[in-house]
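Q: protein_18.txt is reproduced in full below (compact mmCIF, C-alpha atoms and all ligand atoms).
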# COMPACT_ATOMS: atom_id res chain seq x y z
CA MET Z 4 0.00 0.00 0.00
CA ILE Z 5 1.33 3.36 -0.92
CA ASP Z 6 0.84 6.11 1.60
CA GLU Z 7 -1.27 8.94 0.24
CA LYS Z 8 1.46 11.41 0.87
CA THR Z 9 4.12 9.38 -0.90
CA VAL Z 10 5.77 11.42 -3.58
CA ARG Z 11 8.47 10.22 -5.90
CA GLU Z 12 9.09 12.62 -8.72
CA ILE Z 13 11.70 14.75 -10.39
CA ARG Z 14 10.71 18.39 -10.30
CA ILE Z 15 12.16 21.03 -12.56
CA ASN Z 16 12.99 24.34 -10.94
CA PRO Z 17 10.64 26.81 -12.69
CA ILE Z 18 13.11 29.68 -12.29
CA THR Z 19 16.25 27.91 -13.45
CA PRO Z 20 15.04 24.92 -15.52
CA SER Z 21 18.60 23.54 -15.70
CA GLU Z 22 18.20 22.66 -12.02
CA SER Z 23 15.97 19.88 -10.80
CA VAL Z 24 15.28 18.05 -7.57
CA LEU Z 25 14.24 14.50 -6.77
CA VAL Z 26 11.36 14.51 -4.29
CA ALA Z 27 11.29 11.05 -2.73
CA SER Z 28 9.15 10.98 0.38
CA ALA Z 29 8.30 7.27 0.11
CA ARG Z 30 7.50 5.65 3.40
CA GLY Z 31 10.26 3.39 4.60
CA LEU Z 32 12.87 5.28 2.64
CA ARG Z 33 16.15 4.93 4.43
CA PRO Z 34 16.69 8.16 6.36
CA ARG Z 35 19.50 10.27 5.07
CA GLN Z 36 22.54 11.23 7.05
CA GLU Z 37 21.26 14.02 9.26
CA GLU Z 38 23.16 17.19 9.98
CA GLU Z 39 23.65 17.90 13.68
CA ARG Z 40 21.29 20.30 15.49
CA ILE Z 41 23.13 22.76 17.67
CA PRO Z 42 22.03 23.78 21.17
CA HIS Z 43 20.96 27.39 21.61
CA ASP Z 44 23.93 29.40 22.85
CA SER Z 45 22.19 31.99 24.98
CA ARG Z 46 25.31 33.64 26.37
CA ALA Z 47 25.14 37.42 26.00
CA HIS Z 48 28.87 38.02 26.40
CA VAL Z 49 31.93 35.80 25.99
CA GLU Z 50 35.23 37.17 27.27
CA THR Z 51 37.36 35.52 24.57
CA CYS Z 52 35.05 36.24 21.62
CA PRO Z 53 36.55 38.72 19.11
CA PHE Z 54 33.06 39.96 18.14
CA CYS Z 55 31.88 40.70 21.69
CA LYS Z 56 31.87 44.21 23.15
CA GLY Z 57 35.16 45.28 24.69
CA ASN Z 58 37.18 43.16 22.24
CA GLU Z 59 37.03 45.62 19.33
CA ASP Z 60 40.84 45.64 19.12
CA LYS Z 61 40.77 41.96 18.16
CA THR Z 62 39.16 42.73 14.80
CA PRO Z 63 40.24 45.04 11.94
CA PRO Z 64 38.96 48.63 12.41
CA THR Z 65 35.28 49.53 12.16
CA ILE Z 66 33.97 50.34 8.66
CA THR Z 67 30.60 51.42 9.99
CA ALA Z 68 28.63 50.95 13.20
CA MET Z 69 25.01 51.41 14.25
CA PRO Z 70 23.80 53.53 15.93
CA ASP Z 71 27.38 54.80 16.48
CA GLU Z 72 30.85 53.42 17.13
CA GLU Z 73 30.75 54.03 20.89
CA ASN Z 74 27.36 52.37 21.52
CA TRP Z 75 27.38 49.93 18.64
CA GLU Z 76 24.69 47.30 18.29
CA ILE Z 77 25.77 46.33 14.77
CA ARG Z 78 29.36 46.67 13.63
CA VAL Z 79 30.90 46.15 10.19
CA VAL Z 80 34.60 45.32 9.88
CA ARG Z 81 36.91 44.04 7.15
CA ASN Z 82 37.28 40.25 7.26
CA LEU Z 83 40.57 39.32 8.89
CA PHE Z 84 41.02 36.52 6.35
CA PRO Z 85 39.48 37.93 3.15
CA VAL Z 86 38.83 35.56 0.25
CA LEU Z 87 39.02 38.54 -2.10
CA GLY Z 88 41.10 41.67 -1.56
CA THR Z 89 42.21 45.00 -2.98
CA ASP Z 90 45.91 44.36 -2.48
CA SER Z 91 46.69 42.08 -5.42
CA ASP Z 92 48.18 43.47 -8.63
CA GLN Z 93 47.79 40.24 -10.59
CA LYS Z 94 46.41 40.80 -14.07
CA ASN Z 95 43.87 38.52 -15.71
CA ILE Z 96 45.79 35.62 -17.19
CA SER Z 97 44.86 32.59 -19.19
CA PHE Z 98 46.84 29.55 -20.21
CA GLY Z 99 45.22 26.91 -22.36
CA MET Z 100 41.90 26.07 -20.77
CA GLN Z 101 42.88 27.57 -17.49
CA GLN Z 102 41.75 31.10 -16.92
CA VAL Z 103 42.47 33.18 -13.92
CA MET Z 104 40.84 36.45 -13.01
CA ASP Z 105 42.25 38.88 -10.51
CA GLY Z 106 40.78 38.13 -7.07
CA TYR Z 107 39.82 41.74 -6.61
CA GLY Z 108 37.04 42.57 -4.21
CA HIS Z 109 35.96 43.23 -0.65
CA HIS Z 110 35.14 40.85 2.14
CA GLU Z 111 33.43 42.30 5.20
CA VAL Z 112 31.97 40.90 8.39
CA ILE Z 113 28.74 42.30 9.76
CA ILE Z 114 28.45 41.62 13.48
CA ASP Z 115 24.65 41.29 13.55
CA HIS Z 116 24.14 42.02 17.24
CA HIS Z 117 26.23 43.02 20.25
CA ASN Z 118 24.64 40.12 22.14
CA HIS Z 119 26.76 37.01 21.45
CA GLY Z 120 24.14 34.26 21.16
CA MET Z 121 21.19 36.25 19.84
CA GLU Z 122 19.24 34.30 17.21
CA VAL Z 123 17.66 36.15 14.26
CA TYR Z 124 14.12 35.29 15.43
CA GLU Z 125 14.89 36.72 18.88
CA MET Z 126 16.05 40.11 17.61
CA SER Z 127 13.65 43.02 18.12
CA HIS Z 128 11.85 44.47 15.10
CA GLU Z 129 13.85 47.69 15.47
CA HIS Z 130 17.10 45.77 15.51
CA LEU Z 131 16.25 43.65 12.47
CA GLU Z 132 15.25 46.76 10.55
CA MET Z 133 18.61 48.30 11.41
CA LEU Z 134 20.38 45.12 10.25
CA ILE Z 135 18.56 44.98 6.91
CA ALA Z 136 19.33 48.68 6.39
CA VAL Z 137 23.03 47.96 7.06
CA TYR Z 138 22.97 45.14 4.46
CA ARG Z 139 21.36 47.53 1.98
CA ASN Z 140 23.66 50.45 2.67
CA ARG Z 141 26.89 48.44 2.49
CA MET Z 142 25.74 46.90 -0.77
CA GLU Z 143 24.87 50.27 -2.26
CA GLU Z 144 28.12 51.91 -1.12
CA LEU Z 145 30.28 49.12 -2.52
CA PHE Z 146 28.45 49.08 -5.86
CA ASN Z 147 28.92 52.84 -6.13
CA SER Z 148 32.57 52.77 -5.02
CA ASP Z 149 33.97 50.82 -7.94
CA GLU Z 150 32.49 49.88 -11.28
CA ARG Z 151 34.63 46.75 -11.49
CA LEU Z 152 32.36 45.25 -8.81
CA LYS Z 153 29.57 43.33 -10.52
CA TYR Z 154 27.98 41.68 -7.53
CA VAL Z 155 27.78 42.09 -3.77
CA LEU Z 156 26.70 38.90 -2.02
CA VAL Z 157 25.31 39.36 1.50
CA PHE Z 158 24.98 36.11 3.36
CA LYS Z 159 24.81 34.51 6.77
CA ASN Z 160 26.24 31.19 7.92
CA PHE Z 161 24.83 29.77 11.13
CA GLY Z 162 26.49 26.71 12.61
CA SER Z 163 29.74 25.03 11.59
CA ALA Z 164 28.01 22.77 9.05
CA ALA Z 165 26.86 25.97 7.34
CA GLY Z 166 30.41 27.30 7.31
CA ALA Z 167 30.41 29.59 10.37
CA SER Z 168 33.79 29.57 12.10
CA ILE Z 169 32.91 32.08 14.85
CA LYS Z 170 29.87 31.44 17.02
CA HIS Z 171 28.96 35.09 17.67
CA THR Z 172 25.97 35.95 15.43
CA HIS Z 173 27.29 37.54 12.24
CA SER Z 174 26.76 37.91 8.50
CA GLN Z 175 29.24 38.52 5.72
CA LEU Z 176 29.45 40.40 2.50
CA ILE Z 177 31.65 39.69 -0.49
CA ALA Z 178 31.87 42.23 -3.30
CA MET Z 179 33.25 40.58 -6.41
CA PRO Z 180 34.29 41.32 -9.99
CA ILE Z 181 32.10 38.54 -11.43
CA VAL Z 182 28.43 37.60 -11.28
CA PRO Z 183 28.15 34.33 -9.35
CA GLU Z 184 26.80 31.44 -11.39
CA ASN Z 185 23.61 30.93 -9.36
CA VAL Z 186 22.59 34.56 -9.84
CA TYR Z 187 23.67 34.56 -13.49
CA ASN Z 188 21.52 31.50 -14.24
CA GLU Z 189 18.51 33.12 -12.59
CA VAL Z 190 19.05 36.36 -14.52
CA ILE Z 191 19.40 34.60 -17.88
CA SER Z 192 16.54 32.13 -17.34
CA SER Z 193 14.11 34.74 -16.05
CA GLN Z 194 14.98 36.95 -19.03
CA ALA Z 195 14.17 34.08 -21.39
CA TYR Z 196 10.87 33.51 -19.54
CA PHE Z 197 10.03 37.20 -19.84
CA ARG Z 198 10.68 37.24 -23.60
CA LYS Z 199 8.33 34.30 -24.03
CA HIS Z 200 5.56 35.18 -21.58
CA HIS Z 201 5.94 38.97 -21.16
CA GLN Z 202 5.83 38.42 -17.44
CA CYS Z 203 8.30 38.03 -14.58
CA VAL Z 204 8.64 34.35 -13.60
CA PHE Z 205 8.92 35.24 -9.91
CA CYS Z 206 5.72 37.32 -10.06
CA SER Z 207 4.00 34.41 -11.83
CA LEU Z 208 5.07 32.06 -9.05
CA ILE Z 209 3.78 34.45 -6.39
CA ASP Z 210 0.44 34.70 -8.21
CA GLU Z 211 0.28 30.94 -8.30
CA ALA Z 212 1.16 30.63 -4.63
CA LEU Z 213 -1.66 33.03 -3.80
CA THR Z 214 -4.21 31.12 -5.86
CA PHE Z 215 -5.81 28.68 -3.53
CA GLU Z 216 -6.85 26.01 -5.91
CA ALA Z 217 -6.15 25.09 -9.48
CA THR Z 218 -8.00 22.48 -11.46
CA ILE Z 219 -6.47 20.60 -14.32
CA TYR Z 220 -9.02 19.49 -16.91
CA SER Z 221 -8.58 16.84 -19.50
CA ARG Z 222 -8.16 18.47 -22.89
CA GLU Z 223 -10.29 15.91 -24.72
CA SER Z 224 -13.18 15.17 -22.40
CA GLY Z 225 -13.16 18.25 -20.22
CA GLU Z 226 -13.18 16.04 -17.14
CA VAL Z 227 -11.41 17.11 -13.98
CA ARG Z 228 -8.08 15.27 -13.94
CA ARG Z 229 -6.43 16.65 -10.87
CA LYS Z 230 -7.02 19.39 -8.34
CA ILE Z 231 -4.00 21.00 -6.85
CA ASP Z 232 -3.95 23.27 -3.90
CA VAL Z 233 -1.26 25.74 -4.84
CA GLY Z 234 -1.83 28.08 -1.92
CA GLN Z 235 -0.11 25.41 0.09
CA TYR Z 236 3.32 26.89 -0.70
CA VAL Z 237 2.77 30.07 1.33
CA VAL Z 238 4.64 30.01 4.65
CA GLU Z 239 4.21 33.60 5.82
CA ARG Z 240 2.60 36.68 4.38
CA GLY Z 241 3.20 40.33 5.15
CA GLU Z 242 1.77 43.46 3.54
CA ARG Z 243 4.65 43.79 1.11
CA PHE Z 244 6.51 40.47 1.34
CA ILE Z 245 5.74 36.80 1.11
CA ALA Z 246 7.68 33.73 2.30
CA ILE Z 247 7.16 30.66 0.14
CA LYS Z 248 8.37 27.10 0.15
CA PRO Z 249 9.57 26.53 -3.41
CA PHE Z 250 7.91 23.69 -5.30
CA ALA Z 251 11.35 22.43 -6.37
CA SER Z 252 14.25 23.35 -4.12
CA ARG Z 253 17.52 21.65 -3.17
CA TYR Z 254 16.99 21.78 0.58
CA GLU Z 255 14.09 20.16 2.37
CA TRP Z 256 13.21 23.24 4.40
CA GLU Z 257 14.35 25.93 1.98
CA VAL Z 258 12.18 29.06 2.12
CA HIS Z 259 12.35 32.14 -0.12
CA ILE Z 260 11.18 35.64 0.81
CA LEU Z 261 10.18 37.93 -2.06
CA PRO Z 262 8.60 41.36 -2.42
CA LEU Z 263 4.95 40.99 -3.50
CA GLU Z 264 5.30 43.95 -5.86
CA HIS Z 265 7.80 43.45 -8.63
CA GLN Z 266 11.20 44.87 -7.69
CA SER Z 267 14.56 43.81 -9.16
CA ASP Z 268 17.01 45.66 -6.99
CA PHE Z 269 17.33 45.04 -3.26
CA THR Z 270 19.15 48.36 -2.79
CA LYS Z 271 15.95 50.22 -3.82
CA ILE Z 272 13.94 49.08 -0.79
CA THR Z 273 12.19 51.79 1.21
CA PRO Z 274 12.02 52.06 5.02
CA GLU Z 275 8.43 50.72 4.83
CA ASP Z 276 9.68 47.72 2.83
CA ILE Z 277 12.43 47.13 5.41
CA ALA Z 278 9.88 47.17 8.25
CA ASP Z 279 7.62 44.60 6.61
CA PHE Z 280 10.52 42.46 5.38
CA SER Z 281 11.92 42.31 8.94
CA ARG Z 282 8.57 41.11 10.29
CA VAL Z 283 8.28 38.40 7.63
CA LEU Z 284 11.91 37.32 8.18
CA LYS Z 285 11.54 37.16 11.95
CA ARG Z 286 8.38 35.06 11.79
CA THR Z 287 9.82 32.77 9.12
CA MET Z 288 12.95 32.15 11.21
CA GLN Z 289 10.72 31.54 14.22
CA ARG Z 290 8.71 28.95 12.27
CA LEU Z 291 11.88 27.21 11.10
CA ASP Z 292 13.21 27.10 14.64
CA THR Z 293 9.93 25.74 16.01
CA VAL Z 294 9.88 22.94 13.46
CA LEU Z 295 13.61 22.21 13.18
CA GLY Z 296 15.00 23.36 16.55
CA GLY Z 297 18.65 24.43 16.30
CA ALA Z 298 19.08 23.73 12.60
CA GLN Z 299 22.19 25.10 11.00
CA TYR Z 300 21.47 27.30 8.00
CA ASN Z 301 22.60 29.78 5.39
CA TYR Z 302 20.69 32.70 4.01
CA TYR Z 303 21.62 35.10 1.25
CA PHE Z 304 20.21 37.80 -0.98
CA HIS Z 305 19.86 37.55 -4.74
CA THR Z 306 19.50 40.92 -6.43
CA VAL Z 307 20.02 42.21 -9.96
CA PRO Z 308 23.78 42.44 -10.68
CA ARG Z 309 25.41 45.65 -11.92
CA CYS Z 310 26.87 44.62 -15.22
CA GLU Z 311 26.23 44.76 -18.95
CA GLU Z 312 24.77 41.27 -19.17
CA SER Z 313 22.00 42.18 -16.76
CA SER Z 314 21.16 45.62 -18.12
CA GLY Z 315 17.54 45.62 -19.19
CA CYS Z 316 16.69 42.93 -16.65
CA ASP Z 317 14.72 45.18 -14.32
CA GLU Z 318 11.43 43.86 -15.65
CA SER Z 319 12.40 40.19 -15.66
CA TYR Z 320 14.43 39.81 -12.46
CA HIS Z 321 12.91 39.90 -8.99
CA TRP Z 322 15.15 40.16 -5.90
CA HIS Z 323 14.69 37.68 -3.07
CA MET Z 324 16.25 36.09 -0.03
CA GLU Z 325 16.87 32.34 0.09
CA ILE Z 326 16.99 30.61 3.47
CA CYS Z 327 18.57 27.14 3.36
CA PRO Z 328 18.46 25.10 6.57
CA ARG Z 329 21.16 22.40 6.42
CA THR Z 330 19.35 19.41 7.85
CA SER Z 331 20.97 16.63 5.83
CA ILE Z 332 24.36 15.97 4.35
CA PRO Z 333 24.49 15.83 0.54
CA SER Z 334 25.58 12.42 -0.75
CA GLY Z 335 27.90 11.45 -3.59
CA PHE Z 336 24.84 10.95 -5.75
CA GLU Z 337 23.81 14.55 -5.19
CA LEU Z 338 27.27 16.05 -5.71
CA GLY Z 339 27.94 13.85 -8.72
CA SER Z 340 24.60 14.34 -10.42
CA GLY Z 341 23.62 17.80 -9.26
CA LEU Z 342 20.21 16.26 -8.57
CA PHE Z 343 19.39 16.97 -4.95
CA ILE Z 344 17.11 14.60 -3.04
CA THR Z 345 14.35 15.89 -0.79
CA THR Z 346 12.80 13.33 1.54
CA VAL Z 347 10.15 15.71 2.89
CA SER Z 348 7.76 16.83 0.20
CA PRO Z 349 7.69 20.63 -0.22
CA GLU Z 350 3.91 20.50 0.38
CA ASP Z 351 4.36 18.78 3.76
CA ALA Z 352 7.21 21.10 4.70
CA ALA Z 353 5.07 24.16 3.93
CA THR Z 354 2.14 22.80 5.94
CA ARG Z 355 4.30 22.09 8.95
CA LEU Z 356 5.91 25.51 8.81
CA ARG Z 357 2.55 27.22 8.43
CA GLU Z 358 1.08 25.34 11.39
CA ALA Z 359 4.11 25.97 13.61
CA LEU Z 360 3.01 29.32 15.08
ZN ZN H 401 30.64 37.14 21.04
ZN ZN H 402 8.54 40.01 -10.52
ZN ZN H 403 17.86 33.04 -6.05
Show me, as structure tokens, the structure contained in the file I just sent.
A:
Amino acid sequence: MIDEKTVREIRINPITPSESVLVASARGLRPRQEEERIPHDSRAHVETCPFCKGNEDKTPPTITAMPDEENWEIRVVRNLFPVLGTDSDQKNISFGMQQVMDGYGHHEVIIDHHNHGMEVYEMSHEHLEMLIAVYRNRMEELFNSDERLKYVLVFKNFGSAAGASIKHTHSQLIAMPIVPENVYNEVISSQAYFRKHHQCVFCSLIDEALTFEATIYSRESGEVRRKIDVGQYVVERGERFIAIKPFASRYEWEVHILPLEHQSDFTKITPEDIADFSRVLKRTMQRLDTVLGGAQYNYYFHTVPRCEESSGCDESYHWHMEICPRTSIPSGFELGSGLFITTVSPEDAATRLREAL
């Protein structure tokens, strides 16, 4: 007997059709290697932590601080071990099939909160608004500072499995001379979708997510073949933003937050947008913590790049944040094939997240 909720299908990512995911929620499926959950570190201050108050001399100097350097609650510094820098004078070189581009760029650390173990869902609305504004402002300043910079990636790693080496809550920003492949693929695919359908693919997905039921009729007989409840992908809804569980995503509990109104550039957000975004983010993180308790995760922003290839993409690209909880360890099959396996169906994941609060 097959359980009603059993799903075993390959789903094509509607935004980047070159990506697909294997949804295999069959009962009795051997559980995958689980990623560790980490206990909540509720310490407010740790004497030896370089990001805690009083230890400012253990980090490179402050780039910016909110509300001010003396009473900082958020502090931005250069990364002590930058992956890209402004000090190299290497020129672009290529030899045979091997091409090298100068590793020019900026790598900054954003200390999200002065309180060491503060989780995103515990931060006050005012604080989260300040943090989102810092993300926006740093991005804008770096883009304007140097036209060689094509992309500024703002991201957060939480937990060692997600790549965080320091426990104090922090985010990072890398400004780079190339457009990262994931963003590039989204830009190109959504442009192709726009040319064909005269509509933004992200907006179309939001419209679909907000439609509560869709009926598929048989073309020949007109009979109802299948009813699908598409509203089931909505996790959280604000006035201006929506959090959705993508229909085909690499991580079981992946959630995306998008502006409801079409907007390509994250740096154009208004204070009202920031306020609503912060509320939606806080509640989404709260839902994830309620369901997953202590899951390690990454989140990052995808916005329209500043380069020639993406000029004219304002109508087709739609900025968003992707939240990727790291609950299982990718296997050789996944790395080798690029086909990620999801053992919780996106529909079930969305239901559980929606019912969490
Ligand atoms: Zn600390
Ligand atoms: Zn759109
Ligand atoms: Zn994206």
Q: Rank nothing, just name the residue among Z:Glu242, Z:Glu311, Z:Asp317, Z:Glu358 nearest to ligand ZN 402 (chain H), using only C-alpha atoms and all ligand atoms.
A: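 Selected residue with least distance to ligand ZN 402 (chain H): Z:Asp317.
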Q: Go through Z:Val79, Z:Val10, Z:Ala352, Z:Leu263 and flag the residue nearest His173 of chain Z, using all atoms listed in the file for the distances.
A: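 So, comparing all the options, the nearest one is Z:Val79.
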Q: When the cut-off is 6 Å and you count all atoms listed in the file, which residues lie near ligand ZN 402 (chain H), shown as a list in words?
A: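 Using all atoms listed in the file, everything at most 6 Å from ligand ZN 402 (chain H) comes to Cys203, Phe205, Cys206, His265 and His321 of chain Z.
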Q: My list of candidates is Z:Asn118, Z:Arg357, Z:Gly296, Z:Glu50. Which is closest to Trp75 of chain Z when distances are computed with all atoms listed in the file?
A: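 Closest residue, counting all atoms listed in the file: Z:Asn118.
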Q: Can you tell me, as a PDB file with C-alpha atoms, in the frame of the given file, what residues are no more than 9 Å from segment 340-351 of chain Z when counting only C-alpha atoms, ignoring any on the same chain fewer than 6 positions away?
A:
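Resulting contents of part-v3.pdb:
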ATOM      1  CA  LYS Z   8       1.460  11.410   0.870  1.00  0.00           C
ATOM      2  CA  THR Z   9       4.120   9.380  -0.900  1.00  0.00           C
ATOM      3  CA  VAL Z  10       5.770  11.420  -3.580  1.00  0.00           C
ATOM      4  CA  ILE Z  13      11.700  14.750 -10.390  1.00  0.00           C
ATOM      5  CA  GLU Z  22      18.200  22.660 -12.020  1.00  0.00           C
ATOM      6  CA  SER Z  23      15.970  19.880 -10.800  1.00  0.00           C
ATOM      7  CA  VAL Z  24      15.280  18.050  -7.570  1.00  0.00           C
ATOM      8  CA  LEU Z  25      14.240  14.500  -6.770  1.00  0.00           C
ATOM      9  CA  VAL Z  26      11.360  14.510  -4.290  1.00  0.00           C
ATOM     10  CA  ALA Z  27      11.290  11.050  -2.730  1.00  0.00           C
ATOM     11  CA  SER Z  28       9.150  10.980   0.380  1.00  0.00           C
ATOM     12  CA  ALA Z  29       8.300   7.270   0.110  1.00  0.00           C
ATOM     13  CA  LEU Z  32      12.870   5.280   2.640  1.00  0.00           C
ATOM     14  CA  PRO Z  34      16.690   8.160   6.360  1.00  0.00           C
ATOM     15  CA  ARG Z  35      19.500  10.270   5.070  1.00  0.00           C
ATOM     16  CA  GLN Z 235      -0.110  25.410   0.090  1.00  0.00           C
ATOM     17  CA  TYR Z 236       3.320  26.890  -0.700  1.00  0.00           C
ATOM     18  CA  LYS Z 248       8.370  27.100   0.150  1.00  0.00           C
ATOM     19  CA  PRO Z 249       9.570  26.530  -3.410  1.00  0.00           C
ATOM     20  CA  PHE Z 250       7.910  23.690  -5.300  1.00  0.00           C
ATOM     21  CA  ALA Z 251      11.350  22.430  -6.370  1.00  0.00           C
ATOM     22  CA  SER Z 252      14.250  23.350  -4.120  1.00  0.00           C
ATOM     23  CA  ARG Z 253      17.520  21.650  -3.170  1.00  0.00           C
ATOM     24  CA  TYR Z 254      16.990  21.780   0.580  1.00  0.00           C
ATOM     25  CA  GLU Z 255      14.090  20.160   2.370  1.00  0.00           C
ATOM     26  CA  TRP Z 256      13.210  23.240   4.400  1.00  0.00           C
ATOM     27  CA  GLU Z 257      14.350  25.930   1.980  1.00  0.00           C
ATOM     28  CA  PRO Z 333      24.490  15.830   0.540  1.00  0.00           C
ATOM     29  CA  SER Z 334      25.580  12.420  -0.750  1.00  0.00           C
TER      30      SER Z 334
END
Q: So which one's closest to Cys55 of chain Z, Z:His128, Z:Arg81, Z:Lys170, Z:Arg11? Using only C-alpha atoms, please.
A: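 Smallest distance to Cys55 of chain Z is found for Z:Lys170.
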Q: Give the answer as one residue: which of Z:Phe304, Z:Tyr124, Z:Tyr107, Z:Tyr138 has the shortest atom-to-atom distance to ligand ZN 403 (chain H), using all atoms listed in the file?
A: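 Nearest to ligand ZN 403 (chain H): Z:Phe304.
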Q: At a cut-off of 9 Å and counting all atoms listed in the file, what residues surround ligand ZN 401 (chain H)? Please answer as number ranges by chain.
A: Z: 46-56, 58, 116-120, 169-172
Q: Return as JSON, numbers by chain the residues of protein, DNA or RNA that approach ligand ZN 403 (chain H) to within 9 Å, with all atoms listed in the file taken into account.
A: {"Z": [18, 185, 186, 189, 259, 303, 304, 305, 306, 321, 322, 323, 324, 325]}
Q: Considering all atoms listed in the file, state which residue in the set Z:Asn74, Z:Thr270, Z:Ser319, Z:Thr218 is at the smallest distance from His201 of chain Z.
A: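 Residue with the minimum atom-to-atom distance to His201 of chain Z: Z:Ser319.
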Q: Atom CA of Leu87 of chain Z and atom CA of Met121 of chain Z, how far apart in Å?
A: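 Computed distance, atom CA of Met121 of chain Z to atom CA of Leu87 of chain Z, equals 28.4 Å.
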Q: Between atom CA of Ser45 of chain Z and atom CA of Ala136 of chain Z, what is the distance, to one decimal in Å?
A: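 About the pair atom CA of Ser45 of chain Z and atom CA of Ala136 of chain Z: they are 25.1 Å apart.
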Q: Please list as a list in words every residue within 9 Å of Ala164 of chain Z, counting only C-alpha atoms and excluding residues in the same chain fewer than 5 positions away.
A: Glu38, Glu39, Gln299, Tyr300 and Arg329 of chain Z
Q: Please identify all polymer residues within 6 Å of His110 of chain Z, counting only C-alpha atoms, omitting same-chain residues fewer than 6 positions from it, and present them as JSON, numbers by chain.
A: {"Z": [82, 85, 176, 177]}
Q: Any idea what the distance is between atom CA of Ile326 of chain Z and atom CA of Met288 of chain Z?
A: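 Spanning atom CA of Ile326 of chain Z to atom CA of Met288 of chain Z is a straight-line distance of 8.9 Å.
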Q: Provide segment 261-274 of chain Z rebuilt to N, CA and C atoms, formatted as an mmCIF file, keeping the file's coordinate frame.
A:
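Listed below is the output, result33.cif:
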data_model
loop_
_atom_site.group_PDB
_atom_site.id
_atom_site.type_symbol
_atom_site.label_atom_id
_atom_site.label_comp_id
_atom_site.auth_asym_id
_atom_site.auth_seq_id
_atom_site.Cartn_x
_atom_site.Cartn_y
_atom_site.Cartn_z
ATOM 1 N N LEU Z 261 10.173 37.035 -0.892
ATOM 2 C CA LEU Z 261 10.180 37.930 -2.060
ATOM 3 C C LEU Z 261 9.236 39.112 -1.838
ATOM 4 N N PRO Z 262 9.563 40.261 -2.470
ATOM 5 C CA PRO Z 262 8.600 41.360 -2.420
ATOM 6 C C PRO Z 262 7.379 40.997 -3.265
ATOM 7 N N LEU Z 263 6.176 41.304 -2.763
ATOM 8 C CA LEU Z 263 4.950 40.990 -3.500
ATOM 9 C C LEU Z 263 4.837 41.827 -4.777
ATOM 10 N N GLU Z 264 5.289 43.080 -4.676
ATOM 11 C CA GLU Z 264 5.300 43.950 -5.860
ATOM 12 C C GLU Z 264 6.613 43.719 -6.577
ATOM 13 N N HIS Z 265 6.577 43.699 -7.878
ATOM 14 C CA HIS Z 265 7.800 43.450 -8.630
ATOM 15 C C HIS Z 265 8.886 44.490 -8.330
ATOM 16 N N GLN Z 266 10.074 43.993 -8.029
ATOM 17 C CA GLN Z 266 11.200 44.870 -7.690
ATOM 18 C C GLN Z 266 12.478 44.066 -7.979
ATOM 19 N N SER Z 267 13.383 44.608 -8.788
ATOM 20 C CA SER Z 267 14.560 43.810 -9.160
ATOM 21 C C SER Z 267 15.759 44.048 -8.256
ATOM 22 N N ASP Z 268 15.786 45.235 -7.660
ATOM 23 C CA ASP Z 268 17.010 45.660 -6.990
ATOM 24 C C ASP Z 268 16.792 45.823 -5.476
ATOM 25 N N PHE Z 269 17.453 44.988 -4.721
ATOM 26 C CA PHE Z 269 17.330 45.040 -3.260
ATOM 27 C C PHE Z 269 17.723 46.411 -2.693
ATOM 28 N N THR Z 270 18.692 47.079 -3.344
ATOM 29 C CA THR Z 270 19.150 48.360 -2.790
ATOM 30 C C THR Z 270 18.086 49.471 -2.923
ATOM 31 N N LYS Z 271 16.999 49.196 -3.667
ATOM 32 C CA LYS Z 271 15.950 50.220 -3.820
ATOM 33 C C LYS Z 271 14.866 50.119 -2.742
ATOM 34 N N ILE Z 272 15.009 49.238 -1.783
ATOM 35 C CA ILE Z 272 13.940 49.080 -0.790
ATOM 36 C C ILE Z 272 13.780 50.337 0.066
ATOM 37 N N THR Z 273 12.529 50.607 0.422
ATOM 38 C CA THR Z 273 12.190 51.790 1.210
ATOM 39 C C THR Z 273 12.153 51.396 2.692
ATOM 40 N N PRO Z 274 12.133 52.380 3.596
ATOM 41 C CA PRO Z 274 12.020 52.060 5.020
ATOM 42 C C PRO Z 274 10.758 51.238 5.332
#
